[in-house]
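A.B. asks: Here you go, this is upload.txt (compact mmCIF, C-alpha atoms).
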# COMPACT_ATOMS: atom_id res chain seq x y z
CA MET A 1 33.64 169.74 -41.81
CA ALA A 2 31.89 166.82 -43.38
CA GLY A 3 32.42 164.46 -46.24
CA SER A 4 30.33 165.05 -49.34
CA ARG A 5 30.19 161.30 -49.68
CA VAL A 6 31.31 159.52 -46.59
CA GLY A 7 33.18 156.55 -47.94
CA ASP A 8 36.68 155.73 -49.02
CA ASP A 9 37.67 155.34 -52.64
CA ARG A 10 36.10 151.94 -53.16
CA ARG A 11 33.44 151.00 -55.67
CA THR A 12 30.49 149.19 -54.22
CA GLY A 13 28.26 149.94 -57.16
CA ALA A 14 24.90 151.72 -57.08
CA GLY A 15 22.78 148.84 -58.32
CA GLY A 16 22.98 146.11 -55.68
CA ARG A 17 19.76 144.15 -55.20
CA PRO A 18 18.39 142.65 -51.99
CA GLY A 19 17.07 139.08 -51.93
CA SER A 20 13.68 137.71 -52.80
CA ARG A 21 12.50 138.03 -49.19
CA ALA A 22 12.61 141.81 -49.46
CA ALA A 23 10.75 141.77 -52.79
CA ALA A 24 8.08 139.51 -51.34
CA GLU A 25 7.67 141.67 -48.24
CA LEU A 26 7.33 144.91 -50.20
CA GLY A 27 5.01 143.68 -52.93
CA PRO A 28 5.34 144.08 -56.72
CA VAL A 29 4.40 147.76 -57.01
CA ALA A 30 6.73 149.04 -54.28
CA TRP A 31 9.49 146.71 -55.41
CA SER A 32 9.18 147.92 -58.99
CA ARG A 33 9.62 151.54 -57.86
CA LEU A 34 12.70 150.62 -55.84
CA GLU A 35 14.24 148.77 -58.76
CA ALA A 36 13.58 151.71 -61.07
CA LEU A 37 15.18 154.07 -58.53
CA GLN A 38 18.26 151.87 -58.21
CA ASP A 39 18.60 151.70 -61.99
CA GLU A 40 18.34 155.48 -62.24
CA GLY A 41 20.88 155.83 -59.44
CA GLN A 42 23.29 153.56 -61.28
CA SER A 43 22.92 155.63 -64.45
CA LEU A 44 23.54 158.85 -62.54
CA TRP A 45 26.60 157.37 -60.87
CA ASP A 46 28.04 156.08 -64.16
CA ARG A 47 27.66 159.53 -65.71
CA PHE A 48 29.12 161.26 -62.66
CA ASP A 49 32.06 158.86 -62.59
CA THR A 50 32.81 159.54 -66.26
CA GLU A 51 32.25 163.28 -66.30
CA VAL A 52 33.63 164.20 -62.88
CA ARG A 53 35.59 161.53 -61.02
CA GLN A 54 37.71 160.47 -63.97
CA ARG A 55 38.78 164.08 -64.51
CA GLU A 56 39.37 165.17 -60.92
CA TRP A 57 39.18 163.63 -57.49
CA HIS A 58 35.79 163.71 -55.79
CA PRO A 59 34.85 161.95 -52.54
CA PHE A 60 31.44 160.66 -53.67
CA VAL A 61 31.23 156.86 -53.86
CA PRO A 62 27.76 155.25 -53.74
CA ALA A 63 26.65 152.86 -51.04
CA ASP A 64 25.20 149.48 -51.92
CA PRO A 65 21.42 150.10 -51.92
CA GLY A 66 20.59 146.41 -51.69
CA GLN A 67 22.40 146.07 -48.38
CA VAL A 68 20.81 149.25 -47.05
CA ILE A 69 17.32 148.04 -47.99
CA GLU A 70 17.92 144.77 -46.13
CA ALA A 71 19.03 146.72 -43.05
CA LEU A 72 16.10 149.14 -43.18
CA LEU A 73 13.28 146.63 -43.72
CA PRO A 74 13.07 145.42 -40.08
CA LEU A 75 13.23 149.01 -38.79
CA ARG A 76 10.10 150.22 -40.57
CA ALA A 77 7.32 151.55 -38.35
CA PRO A 78 4.87 154.47 -38.51
CA GLY A 79 6.50 157.84 -37.89
CA VAL A 80 10.11 156.62 -37.88
CA ARG A 81 12.42 159.46 -38.94
CA PHE A 82 15.49 158.62 -41.07
CA LEU A 83 18.62 160.69 -41.78
CA GLU A 84 21.46 160.00 -44.20
CA TRP A 85 24.84 161.60 -43.64
CA GLY A 86 26.45 162.41 -46.97
CA SER A 87 23.33 161.81 -49.07
CA ALA A 88 25.00 162.69 -52.41
CA MET A 89 22.50 162.11 -55.25
CA GLY A 90 19.82 161.06 -52.79
CA VAL A 91 19.27 157.42 -53.78
CA ILE A 92 19.49 155.97 -50.25
CA THR A 93 17.39 158.74 -48.71
CA ILE A 94 14.71 158.33 -51.38
CA ILE A 95 14.76 154.57 -50.83
CA ALA A 96 14.07 155.21 -47.14
CA ASP A 97 11.14 157.43 -48.09
CA LEU A 98 9.72 154.79 -50.43
CA LEU A 99 10.02 152.24 -47.62
CA GLY A 100 7.81 154.44 -45.44
CA PHE A 101 10.33 156.39 -43.37
CA GLU A 102 10.17 160.16 -42.93
CA ALA A 103 13.42 160.63 -44.80
CA TYR A 104 16.04 163.39 -44.80
CA GLY A 105 19.54 163.74 -46.21
CA ILE A 106 22.47 166.07 -45.52
CA GLU A 107 25.09 166.64 -48.22
CA ILE A 108 27.99 169.13 -48.29
CA ASP A 109 28.07 169.39 -52.12
CA ALA A 110 25.26 171.72 -53.17
CA ASP A 111 25.38 170.46 -56.78
CA LEU A 112 24.67 166.92 -55.60
CA VAL A 113 21.84 168.21 -53.41
CA ALA A 114 20.25 169.71 -56.53
CA VAL A 115 20.52 166.33 -58.30
CA ALA A 116 18.94 164.60 -55.29
CA ARG A 117 16.00 166.99 -55.23
CA ARG A 118 15.34 166.45 -58.95
CA LEU A 119 15.55 162.69 -58.48
CA ALA A 120 13.10 162.85 -55.57
CA GLU A 121 10.69 164.85 -57.71
CA ARG A 122 10.87 162.29 -60.52
CA PHE A 123 10.00 159.51 -58.11
CA GLU A 124 7.31 161.54 -56.34
CA SER A 125 9.27 161.21 -53.12
CA ARG A 126 8.80 163.42 -50.08
CA ALA A 127 12.46 163.01 -49.08
CA ARG A 128 14.04 166.30 -48.02
CA PHE A 129 17.63 167.36 -48.52
CA ALA A 130 19.84 170.03 -46.98
CA ALA A 131 23.18 171.36 -48.17
CA GLY A 132 25.69 171.42 -45.34
CA SER A 133 27.72 169.44 -42.84
CA PHE A 134 26.41 166.43 -40.94
CA LEU A 135 28.18 167.75 -37.84
CA PRO A 136 25.84 169.55 -35.42
CA GLN A 137 26.54 173.22 -34.84
CA GLY A 138 29.14 173.66 -32.11
CA TYR A 139 30.24 170.03 -32.16
CA VAL A 140 33.88 169.49 -31.12
CA PHE A 141 35.56 166.13 -31.58
CA ARG A 142 37.33 165.12 -28.36
CA PRO A 143 39.00 161.80 -29.04
CA ARG A 144 40.45 159.72 -26.26
CA ARG A 145 43.72 159.55 -28.17
CA ARG A 146 45.95 162.53 -28.94
CA ASP A 147 45.19 162.45 -32.67
CA ARG A 148 42.36 164.97 -33.11
CA ARG A 149 42.09 164.69 -36.87
CA MET A 150 38.43 164.15 -37.74
CA GLY A 151 38.85 162.40 -41.06
CA THR A 152 35.95 164.31 -42.60
CA ILE A 153 36.17 166.10 -45.93
CA GLY A 154 34.78 169.52 -46.82
CA GLN A 155 33.54 172.39 -44.75
CA GLY A 156 30.14 173.98 -44.42
CA ALA A 157 27.44 175.17 -42.07
CA SER A 158 25.57 172.51 -40.17
CA GLY A 159 22.79 171.03 -42.30
CA TYR A 160 20.38 170.58 -39.39
CA VAL A 161 19.40 174.24 -39.50
CA GLU A 162 17.97 173.84 -42.99
CA LEU A 163 16.30 170.53 -42.10
CA ARG A 164 14.71 172.18 -39.04
CA HIS A 165 15.45 169.08 -37.01
CA PRO A 166 18.38 168.52 -34.64
CA LEU A 167 20.14 165.17 -34.79
CA GLU A 168 18.35 164.00 -31.66
CA ASP A 169 15.04 164.06 -33.59
CA PHE A 170 16.06 161.16 -35.82
CA ASP A 171 15.31 157.53 -35.03
CA VAL A 172 17.57 155.99 -37.70
CA VAL A 173 20.83 157.52 -38.98
CA PHE A 174 22.81 156.06 -41.88
CA GLY A 175 26.46 156.81 -42.64
CA TYR A 176 29.06 155.44 -45.06
CA PRO A 177 32.40 156.50 -43.54
CA TRP A 178 35.77 157.12 -45.01
CA GLY A 179 38.43 154.93 -43.46
CA GLY A 180 39.27 156.60 -40.15
CA GLU A 181 36.03 158.57 -39.95
CA GLU A 182 34.18 155.93 -37.93
CA PRO A 183 35.21 157.34 -34.50
CA VAL A 184 33.84 160.76 -35.42
CA MET A 185 30.49 159.34 -36.53
CA HIS A 186 30.15 157.25 -33.39
CA ASP A 187 31.07 160.25 -31.25
CA VAL A 188 28.54 162.51 -32.97
CA MET A 189 25.84 159.92 -32.26
CA ARG A 190 27.00 159.59 -28.65
CA VAL A 191 26.94 163.33 -28.03
CA HIS A 192 23.98 164.45 -30.12
CA GLY A 193 22.02 161.36 -31.18
CA GLY A 194 18.59 160.59 -29.81
CA ARG A 195 18.15 158.08 -27.01
CA GLY A 196 17.57 154.67 -28.52
CA ALA A 197 18.38 155.87 -32.04
CA ARG A 198 19.81 153.29 -34.40
CA PHE A 199 23.01 154.15 -36.23
CA LEU A 200 23.56 152.21 -39.45
CA MET A 201 27.17 152.19 -40.62
CA HIS A 202 28.00 150.90 -44.11
CA GLY A 203 31.35 149.16 -44.12
CA ALA A 204 33.29 146.55 -46.03
CA SER A 205 31.34 143.73 -44.38
CA GLY A 206 27.91 145.27 -44.98
CA VAL A 207 25.63 147.49 -42.94
CA GLU A 208 26.10 147.26 -39.17
CA VAL A 209 23.48 148.53 -36.71
CA TYR A 210 24.47 150.25 -33.47
CA VAL A 211 22.33 151.39 -30.55
CA GLY A 212 23.95 153.42 -27.81
CA GLY A 213 27.33 152.71 -29.38
CA ARG A 214 26.85 148.95 -29.15
CA LEU A 215 26.80 146.71 -32.19
CA GLN A 216 23.51 144.83 -32.42
CA ASP A 217 23.30 141.11 -33.03
CA PRO A 218 22.04 140.75 -36.64
CA ARG A 219 20.15 137.52 -35.87
Rewrite the coordinates I just gave you, this time as structure tokens.
C.D. replies:
Amino acid sequence: MAGSRVGDDRRTGAGGRPGSRAAAELGPVAWSRLEALQDEGQSLWDRFDTEVRQREWHPFVPADPGQVIEALLPLRAPGVRFLEWGSAMGVITIIADLLGFEAYGIEIDADLVAVARRLAERFESRARFAAGSFLPQGYVFRPRRRDRRMGTIGQGASGYVELRHPLEDFDVVFGYPWGGEEPVMHDVMRVHGGRGARFLMHGASGVEVYVGGRLQDPR
């Protein structure tokens, strides 16, 4: 199982903007592309919210791209491989690609994967997307408490097969959890994540960075 959009039913908006420091660091051309992508993502979300979410429940809620950009900027380096869990329409994964990461996304909703691939093509992005679950094949959640509910939504084959990379191959993993799904995400990283990999979790207070299960000091 996996959520098609890992996040609870809260609107963060798809058009958040990082500060001037990020724009200055990226330069006008790169920043212009990121702004255009965020605007397109907002338009796609508005249409999806009207045509789908207001008619029937759907788990997709967009992350705040401005906060994600701020979190990703200091992690950029040649050859760094990025993965988004629950990549939906692909905005965050494409942002990672435009920032210089080797970017991949896993999404359980095949229709959203198709949207993400079209969006990547429009922005000449090399981001790759797979339809499936973010849970590695054979993964079993073994919580310390008796409650074994995973909190994930949807079922599907593991997306890593299509990506041709196991979770341990990724240097940076981003997830936006539903309330209660955080233990599962941390456990997946503990069991299958690469040594030294950074796990970025989008929550109510922003994007937190974990390494080896430990929250990193943002300073």
A.B. asks: Any chance you could tabulate, as JSON lines, the residues of range 117-197 of chain A at most 12 Å from range 62-76 of chain A with each one's nearest atom pair and distance in Å to one decimal, using all atoms listed in the file, in chain and rising number order?
C.D. replies:
{"residue": "A:Asp171", "atom": "CA", "partner": "A:Leu75", "partner_atom": "CA", "distance": 9.5}
{"residue": "A:Val172", "atom": "CA", "partner": "A:Leu75", "partner_atom": "CA", "distance": 8.3}
{"residue": "A:Val173", "atom": "CA", "partner": "A:Leu72", "partner_atom": "CA", "distance": 10.5}
{"residue": "A:Phe174", "atom": "CA", "partner": "A:Val68", "partner_atom": "CA", "distance": 8.8}
{"residue": "A:Gly175", "atom": "CA", "partner": "A:Ala63", "partner_atom": "CA", "distance": 9.3}
{"residue": "A:Tyr176", "atom": "CA", "partner": "A:Ala63", "partner_atom": "CA", "distance": 6.9}
{"residue": "A:Pro177", "atom": "CA", "partner": "A:Ala63", "partner_atom": "CA", "distance": 10.1}
{"residue": "A:Trp178", "atom": "CA", "partner": "A:Ala63", "partner_atom": "CA", "distance": 11.7}
{"residue": "A:Ala197", "atom": "CA", "partner": "A:Leu75", "partner_atom": "CA", "distance": 10.9}
A.B. asks: Expressed in Å to a single decimal, how great is the separation between CA of Arg122 in chain A and CA of Glu40 in chain A?
C.D. replies: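 One can read the CA of Arg122 in chain A to CA of Glu40 in chain A distance as 10.3 Å.
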A.B. asks: Taking all atoms listed in the file into account, name the residue in A:Tyr210, A:Glu168, A:Ala204, A:Thr50 that is nearest to His186 in chain A.
C.D. replies: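 Nearest to His186 in chain A: A:Tyr210.
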A.B. asks: Env of Gly213 in chain A: 9 Å cut, atoms = only C-alpha atoms, seq-sep filter 4 positions within chain, self excluded. Answer as a list of chain:residue names.
C.D. replies: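 With the cut-off at 9 Å, the set is A:His186, A:Asp187, A:Met189, A:Arg190, A:Phe199.
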A.B. asks: Would you mind reading off the distance between CA of Ala22 in chain A and CA of Ile95 in chain A, one decimal, in Å?
C.D. replies: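 So the answer is 13.0 Å.
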A.B. asks: Please compute the CA of Phe82 in chain A-CA of Arg21 in chain A distance, one decimal, in Å.
C.D. replies: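 These two atoms are separated by 22.3 Å.
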A.B. asks: List the neighbours of Ser32 in chain A out to 9 Å using only C-alpha atoms; skip same-chain residues closer than 5 positions along the sequence, and give me the result as a compact mmCIF listing (two decimals) with C-alpha atoms, in the coordinates of the input.
C.D. replies:
# COMPACT_ATOMS: atom_id res chain seq x y z
CA ALA A 23 10.75 141.77 -52.79
CA GLY A 27 5.01 143.68 -52.93
CA LEU A 37 15.18 154.07 -58.53
